[in-house]
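Enquirer: Encoded as structure tokens, here's the structure I'll be asking about.
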Amino acid sequence: MILTDLRGRYQFGFGRFMERDYDDIPGTYPLDSRTYRKGYHVNMFLMSLNDAECRDKFAEDEQAYLDTFRMTEDQKSAVLDRRFLDLLKLGANVYYAFKLISFDRQPPQVMYGQMAEPRLTFDEFQQMMIDGGRPIDGNRSVEEWKDG
Amino acid sequence: MAKLIAGMGTSHVPGLGAAMDNGKTQEPYWKQLFEGLEPLRAWHRANTPDVNIIVYNDHATEFSLDSYSTFTVGVGENFEPADEGWGPRQVPSMSGYPDLAWHIVESAMAEEFDLAVHASMDLDHGFTVPLSIAYGQPKEWPAAVVPVCVNVIQHPLPTALRCYKLGQAIGRAVASFPEQINVGIWGTGGLSHQLGGERVGVVNPEFDQKFLDNLSRDPLANTRISHTEFMREAGCEGVEMIMWNVMRGALEDDVDEVFRLYHIPVSATAYGAIILENK
């Protein structure tokens, strides 16, 4: 009883503690203690691609190589399907995700375009940036996204 | 005694390094930017110091979820360009300057900055691209380096003010270093950019130009910006700009701004560069 009670209080307190004042920035996934824990294994997989030998192993059999990491099945399938936005939602950080798009020998704009709302091709993303980038006005908070 | 001659700020977008490495600087996408960088390179040719202290961040290359220090000073004799997923950049290795690096560590530790040291970290685009921007493609880099790695990707991050204060401590360390050498200090990264999520591609020229104006004339204003404000206004990865505060803190209060360049886009980033000379 006491244990349960303490645990409940702990979780309540912990939940409030886990809120961040940047949580209302739309479409944004900073690496903090929450993503750290959710994404630890997927990020360590991604980072392993810094090593040429690991890249060779991954190239040889992607599923078998992924199975050597304690990732969730959702994380593994997002890697196999190259669903980059889902990877971020599952705890990967974009600096780590770079290793995967680099592994594919694709320019990062391919990954950026795939994550963008709305989804953009390489050329469309490139053009958005040449035209001055995504404007900050209207993109500061989730409230603005709800309106628009 | 050593003399700190100037500070430079520059973005470190990997695409810039790739454009140089692959001979694309005259292509339409890059031409205007590299022409704009000519005066910066001329300044560096005329003002090459013995050592550059380069404040940079690692991008899941050497530091990761397994071990991350807030501030790490490179105390090695030599540093290699890193393999960050596509093989190392074909640029010269970088000579360290351990005497100055250790002096900075000892001096700053005495002022209660608890710095980590690393002797052999490989240096990724966050470090090598600024070198290429300043010095082009030489066979050997013209100046030694002291790498100062700042954690700007794994929260909690050091505050903008803490970065400025670290810069002040580095400035005092240089001033008390007994060798007669000239020293430069670079802040790297930024300016506004967001590389992940549905909001990817956000940039904010107004915020960036204000940051550059403040850097020149009101540097303390840039120490009062919270991480959340950086992320909201300048993109999730725009928070890298706190590294420029380290550079600025090391300089004198009054500086001469002798160069500024601002250009959108480089990949998904607003490119910025500035050179500030101590009077």
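Labeling convention for the structure tokens: chains A, B, ... as they appear, residues from 1 per chain, ligands from 1 in order of appearance.
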To test your reading of the structure, identify every residue in chain A that backbone DSSP assigns to alpha helix (DSSP H), and report it as an NGL selection string.

Expert: :A and (2-17 or 33-48 or 52-60 or 62-66 or 73-81 or 84-89 or 94-103 or 108-115 or 122-130 or 142-147)

Enquirer: What's around range 248-259 of chain B at 8 Å? Count only C-alpha atoms, leave out sequence neighbours fewer than 2 positions away in its own chain, and write the answer as an mmCIF file with C-alpha atoms, in the first residue's frame.

Expert:
data_model
loop_
_atom_site.group_PDB
_atom_site.id
_atom_site.type_symbol
_atom_site.label_atom_id
_atom_site.label_comp_id
_atom_site.auth_asym_id
_atom_site.auth_seq_id
_atom_site.Cartn_x
_atom_site.Cartn_y
_atom_site.Cartn_z
ATOM 1 C CA LEU B 4 44.014 37.669 -28.332
ATOM 2 C CA ALA B 6 40.197 38.857 -32.822
ATOM 3 C CA GLY B 7 37.122 36.682 -32.831
ATOM 4 C CA PRO B 39 36.994 39.494 -47.771
ATOM 5 C CA LEU B 40 36.815 37.110 -44.785
ATOM 6 C CA CYS B 163 28.882 30.414 -22.373
ATOM 7 C CA TYR B 164 29.712 34.111 -22.264
ATOM 8 C CA LYS B 165 31.328 33.752 -18.843
ATOM 9 C CA LEU B 166 33.390 30.798 -20.055
ATOM 10 C CA GLY B 167 34.583 33.041 -22.869
ATOM 11 C CA GLN B 168 35.604 35.668 -20.334
ATOM 12 C CA ALA B 169 37.577 33.021 -18.421
ATOM 13 C CA ILE B 170 39.263 31.908 -21.663
ATOM 14 C CA GLY B 171 40.120 35.539 -22.415
ATOM 15 C CA ARG B 172 41.787 35.899 -19.017
ATOM 16 C CA ILE B 185 38.980 32.634 -31.090
ATOM 17 C CA GLY B 187 32.491 30.702 -32.311
ATOM 18 C CA LEU B 215 27.414 40.693 -30.719
ATOM 19 C CA SER B 216 29.076 43.839 -31.969
ATOM 20 C CA ARG B 217 27.653 46.470 -29.661
ATOM 21 C CA PRO B 219 26.943 41.420 -26.194
ATOM 22 C CA TRP B 244 29.236 32.522 -30.396
ATOM 23 C CA ASN B 245 28.816 33.914 -26.867
ATOM 24 C CA VAL B 246 31.949 32.039 -25.773
ATOM 25 C CA LEU B 261 28.019 38.297 -44.081
ATOM 26 C CA ALA B 273 29.767 35.212 -40.369
ATOM 27 C CA ILE B 274 31.315 38.068 -38.428
ATOM 28 C CA ILE B 275 34.830 39.185 -37.520
ATOM 29 C CA LEU B 276 35.382 41.301 -34.423
ATOM 30 C CA GLU B 277 38.824 42.784 -33.695
ATOM 31 C CA ASN B 278 40.062 43.679 -30.267
ATOM 32 C CA LYS B 279 41.030 47.375 -30.335
#

Enquirer: Please determine the contact residues of chain B with respect to chain A at a cut-off of 8 Å, counting only C-alpha atoms, and supply them as a compact mmCIF listing (two decimals) with N, CA and C atoms, in the first residue's frame.

Expert:
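Result file follows (out-v4.txt):
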# COMPACT_ATOMS: atom_id res chain seq x y z
N HIS B 59 28.65 16.46 -33.55
CA HIS B 59 27.33 16.04 -34.04
C HIS B 59 27.21 14.53 -33.98
N ALA B 60 27.04 13.98 -32.79
CA ALA B 60 26.93 12.52 -32.63
C ALA B 60 28.10 11.82 -33.33
N THR B 61 29.28 12.38 -33.16
CA THR B 61 30.47 11.83 -33.79
C THR B 61 31.38 11.20 -32.75
N SER B 64 28.25 11.21 -27.40
CA SER B 64 26.92 10.67 -27.66
C SER B 64 26.16 10.50 -26.37
N LEU B 65 25.03 9.82 -26.47
CA LEU B 65 24.21 9.55 -25.29
C LEU B 65 25.00 8.85 -24.20
N ASP B 83 35.18 10.49 -39.27
CA ASP B 83 34.19 9.79 -40.10
C ASP B 83 32.84 9.94 -39.39
N GLU B 84 31.98 10.78 -39.95
CA GLU B 84 30.68 10.99 -39.32
C GLU B 84 29.57 10.32 -40.11
N GLY B 85 29.94 9.30 -40.89
CA GLY B 85 28.91 8.53 -41.58
C GLY B 85 29.15 8.39 -43.07
N TRP B 86 29.98 9.28 -43.64
CA TRP B 86 30.23 9.17 -45.09
C TRP B 86 31.73 9.18 -45.36
N GLY B 87 32.53 8.76 -44.38
CA GLY B 87 33.99 8.78 -44.52
C GLY B 87 34.52 10.14 -44.12
N ILE B 153 23.53 19.99 -28.16
CA ILE B 153 22.50 19.14 -28.76
C ILE B 153 21.77 18.24 -27.76
N GLN B 154 22.33 18.00 -26.61
CA GLN B 154 21.69 17.09 -25.66
C GLN B 154 21.34 17.86 -24.40
N HIS B 155 20.06 18.20 -24.28
CA HIS B 155 19.63 19.01 -23.13
C HIS B 155 19.81 18.22 -21.83
N PRO B 156 20.11 18.88 -20.69
CA PRO B 156 20.21 20.32 -20.53
C PRO B 156 21.53 20.89 -21.08
N LEU B 195 16.52 21.51 -38.42
CA LEU B 195 16.82 20.39 -39.32
C LEU B 195 15.86 19.21 -39.15
N GLY B 196 15.07 19.22 -38.08
CA GLY B 196 14.21 18.08 -37.84
C GLY B 196 12.76 18.48 -37.64
N GLY B 197 11.85 17.54 -37.85
CA GLY B 197 10.45 17.75 -37.53
C GLY B 197 9.70 18.46 -38.63
N GLU B 198 8.38 18.60 -38.43
CA GLU B 198 7.51 19.19 -39.44
C GLU B 198 7.85 20.65 -39.72
N ARG B 199 8.50 21.33 -38.75
CA ARG B 199 8.83 22.75 -38.90
C ARG B 199 10.21 22.95 -39.56
N VAL B 200 10.81 21.86 -40.03
CA VAL B 200 12.14 21.92 -40.65
C VAL B 200 12.19 23.04 -41.69
N GLY B 201 13.30 23.76 -41.71
CA GLY B 201 13.50 24.81 -42.71
C GLY B 201 13.18 26.20 -42.22
N VAL B 202 12.78 26.31 -40.93
CA VAL B 202 12.45 27.63 -40.41
C VAL B 202 13.74 28.44 -40.24
N VAL B 203 13.69 29.69 -40.65
CA VAL B 203 14.80 30.63 -40.43
C VAL B 203 14.21 31.97 -40.01
N ASN B 204 15.04 32.82 -39.42
CA ASN B 204 14.53 34.08 -38.87
C ASN B 204 15.59 35.18 -39.02
N THR B 228 14.76 28.19 -24.84
CA THR B 228 13.45 28.09 -25.48
C THR B 228 13.25 29.21 -26.49
N MET B 231 15.21 28.33 -29.55
CA MET B 231 14.59 27.24 -30.33
C MET B 231 13.32 27.72 -31.02
N ARG B 232 12.54 28.54 -30.30
CA ARG B 232 11.29 29.02 -30.88
C ARG B 232 11.57 30.00 -32.04
N GLU B 233 12.46 30.94 -31.80
CA GLU B 233 12.68 32.03 -32.76
C GLU B 233 13.69 31.68 -33.85
N CYS B 236 15.16 24.81 -33.81
CA CYS B 236 15.65 23.90 -32.77
C CYS B 236 17.18 23.89 -32.72
N ILE B 264 20.98 33.55 -47.01
CA ILE B 264 20.01 32.44 -46.98
C ILE B 264 19.81 31.95 -48.40
N PRO B 265 19.88 30.65 -48.67
CA PRO B 265 20.15 29.57 -47.72
C PRO B 265 21.52 28.93 -47.95
N SER B 267 21.93 25.04 -47.58
CA SER B 267 21.14 23.86 -47.23
C SER B 267 19.86 24.34 -46.52
N ALA B 268 19.68 24.00 -45.25
CA ALA B 268 18.48 24.44 -44.53
C ALA B 268 18.80 25.56 -43.54

Enquirer: Per DSSP on the backbone, filter range 31-99 of chain B down to the residues in strand (DSSP E) and report them as JSON, numbers by chain.

Expert: {"B": [51, 52, 53, 54, 55, 56, 71, 72, 73, 74, 78, 79, 94, 95]}

Enquirer: Just to be explicit: take each residue in the selection above, keep N, CA and C atoms, and write the result as a compact mmCIF listing (two decimals), in the first residue's frame.

Expert:
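That gives us selection15.txt:
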# COMPACT_ATOMS: atom_id res chain seq x y z
N VAL B 51 47.69 30.37 -32.99
CA VAL B 51 46.70 29.39 -32.54
C VAL B 51 45.30 29.96 -32.65
N ASN B 52 44.36 29.15 -33.08
CA ASN B 52 42.95 29.52 -32.97
C ASN B 52 42.27 28.62 -31.94
N ILE B 53 41.60 29.25 -30.99
CA ILE B 53 40.73 28.51 -30.08
C ILE B 53 39.39 28.39 -30.80
N ILE B 54 38.98 27.17 -31.10
CA ILE B 54 37.77 27.00 -31.91
C ILE B 54 36.67 26.36 -31.07
N VAL B 55 35.65 27.16 -30.79
CA VAL B 55 34.50 26.71 -29.99
C VAL B 55 33.51 26.09 -30.96
N TYR B 56 33.27 24.80 -30.77
CA TYR B 56 32.48 24.08 -31.77
C TYR B 56 31.59 23.07 -31.06
N PHE B 71 31.37 21.14 -21.34
CA PHE B 71 32.50 21.80 -22.01
C PHE B 71 33.70 20.85 -22.00
N THR B 72 34.29 20.63 -23.16
CA THR B 72 35.45 19.74 -23.26
C THR B 72 36.56 20.44 -24.04
N VAL B 73 37.75 20.46 -23.45
CA VAL B 73 38.89 21.09 -24.13
C VAL B 73 39.78 20.01 -24.71
N GLY B 74 40.17 20.16 -25.96
CA GLY B 74 41.07 19.22 -26.62
C GLY B 74 42.51 19.54 -26.27
N ASN B 78 47.45 16.38 -31.67
CA ASN B 78 47.00 16.27 -33.04
C ASN B 78 45.55 15.77 -33.06
N PHE B 79 44.79 16.27 -34.02
CA PHE B 79 43.39 15.84 -34.15
C PHE B 79 43.11 15.48 -35.60
N MET B 94 44.78 18.32 -37.82
CA MET B 94 44.92 19.59 -37.14
C MET B 94 45.88 19.47 -35.97
N SER B 95 46.86 20.37 -35.93
CA SER B 95 47.83 20.37 -34.84
C SER B 95 47.24 21.05 -33.62
